Structure formats: C-alpha cells, structure tokens
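Chemist: Questions regarding the structure given below will be posed in turn.
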Amino acid sequence: MAEILRVIVVGMGIIVLCMDFVSFAHRKMTESLGLVWGFFAVVLILFGAVPGLSDWSKVVPKEACAAFLVIGGIAILGTFYLSGNVSKLLRKNQELAMQVSLLNQENERILGELEALTGKSKTRI
C-alpha cells in the first residue's frame, strides 16, 4: 500500500507541474506564484520517488490512505485554483494602475492647456 501511495504522490506532483507550465504559458499565473508551484511539484515528486524521503508513506494507516489522498488532492487543486485567481487579480490591478497613471498624465496636460488658453491657474480637486 505504501508503494501505491508513493506512485500516486509522484503522479500528483507531475500533474501539478504540468498544470503550472500550462497556466504560466497561458499567462494565468504570475511568475512568482508559478515558481512556487513548480518548486512544490518538484518536492512532491521527490517525496514520492526518493526512498529516503518516502518513509512518511509507511506511517499513514492503510484505512486512512484513500482519505489522505482525496483530501490532499482536493487541498492542492483548490489552492492552485485560488492562486490562479490571485494571479489574475494581480495582473488586472497592475493594468488598472497603468490606466490611472495615463489618465492622470492626460489630466495634467489638459489642465496645462487650459491654463495657457485662459491665463488662469486651475487647481485639481
């Protein structure tokens, strides 16, 4: 049973690594979060593949093995989904900040032209 658990952990690590590459390629994940998920996937693969690091699989009771895998898989996929949404929001926030900056520059330019035409100084509110 411990060998099956180790193989499933390696498979889960490979799946997370593939999901990380795909989401990074489609610009759904920021670079920093993609790097963290890639590191986590490599750690999962190592914990399942390296015999010295996989002693934890013998500690898990046989009765709890399926529950351990299901709960762990759901937690990993849920966290991956949430970090993808955080990445999208970070990108949108950065885009909105650039748009606000451009609008502020345009506002300053218009106020400068208005001051030049009227000769009066207009202050921003």
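Chain labels follow the order of the structure tokens: the first chain is A, the next B, and so on; residue numbering restarts at 1 in every chain, and ligands are counted from 1 in their shown order.
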Residues of segment 33-67 of chain A that approach segment 83-101 of chain A to 10 Å or less, counting only C-alpha atoms: could you list each one with the shortest pair of atoms and its distance in Å to one decimal, rows by chain and increasing residue number, as JSON lines?
Modeler:
{"residue": "A:Leu33", "atom": "CA", "partner": "A:Ser83", "partner_atom": "CA", "distance": 7.2}
{"residue": "A:Gly34", "atom": "CA", "partner": "A:Gly84", "partner_atom": "CA", "distance": 9.1}
{"residue": "A:Trp37", "atom": "CA", "partner": "A:Ser83", "partner_atom": "CA", "distance": 9.4}
Chemist: Using all heavy atoms, can you export the residues from the last selection as an mmCIF file, in the first residue's frame?
Modeler:
data_model
loop_
_atom_site.group_PDB
_atom_site.id
_atom_site.type_symbol
_atom_site.label_atom_id
_atom_site.label_comp_id
_atom_site.auth_asym_id
_atom_site.auth_seq_id
_atom_site.Cartn_x
_atom_site.Cartn_y
_atom_site.Cartn_z
ATOM 1 N N LEU A 33 4.306 33.128 -8.380
ATOM 2 C CA LEU A 33 3.457 32.010 -7.965
ATOM 3 C C LEU A 33 3.734 30.764 -8.799
ATOM 4 O O LEU A 33 3.685 29.644 -8.285
ATOM 5 C CB LEU A 33 1.984 32.402 -8.069
ATOM 6 C CG LEU A 33 1.464 33.294 -6.967
ATOM 7 C CD1 LEU A 33 0.031 33.714 -7.243
ATOM 8 C CD2 LEU A 33 1.553 32.621 -5.626
ATOM 9 N N GLY A 34 4.041 30.952 -10.079
ATOM 10 C CA GLY A 34 4.390 29.805 -10.909
ATOM 11 C C GLY A 34 5.657 29.127 -10.437
ATOM 12 O O GLY A 34 5.766 27.890 -10.450
ATOM 13 N N TRP A 37 4.796 27.116 -7.286
ATOM 14 C CA TRP A 37 4.105 25.868 -7.618
ATOM 15 C C TRP A 37 5.031 24.863 -8.289
ATOM 16 O O TRP A 37 4.918 23.652 -8.062
ATOM 17 C CB TRP A 37 2.879 26.136 -8.486
ATOM 18 C CG TRP A 37 1.712 26.542 -7.653
ATOM 19 C CD1 TRP A 37 1.206 27.795 -7.511
ATOM 20 C CD2 TRP A 37 0.937 25.692 -6.808
ATOM 21 N NE1 TRP A 37 0.152 27.766 -6.632
ATOM 22 C CE2 TRP A 37 -0.040 26.491 -6.195
ATOM 23 C CE3 TRP A 37 0.973 24.336 -6.521
ATOM 24 C CZ2 TRP A 37 -0.974 25.966 -5.307
ATOM 25 C CZ3 TRP A 37 0.032 23.816 -5.630
ATOM 26 C CH2 TRP A 37 -0.924 24.636 -5.039
#
Chemist: May I ask for the distance between atom CA of Ala67 of chain A and atom CA of Gly38 of chain A, given in Å to one decimal place?
Modeler: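 Here the two named atoms are 24.9 Å from each other.
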Chemist: Which one is closest to Leu82 of chain A: A:Val70, A:Met1, A:Met29, A:Leu17? Count only C-alpha atoms.
Modeler: A:Met29
Chemist: Could you check which of A:Ala2, A:Asn107, A:Lys120, A:Glu115 is closest to Ala49 of chain A, using only C-alpha atoms?
Modeler: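 With only C-alpha atoms as the atom set, the closest residue is A:Ala2.
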Chemist: Please indicate the distance in Å from atom CA of Phe24 of chain A to atom CA of Thr79 of chain A, rounded to one decimal place.
Modeler: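 Pair atom CA of Phe24 of chain A / atom CA of Thr79 of chain A returns 15.7 Å.
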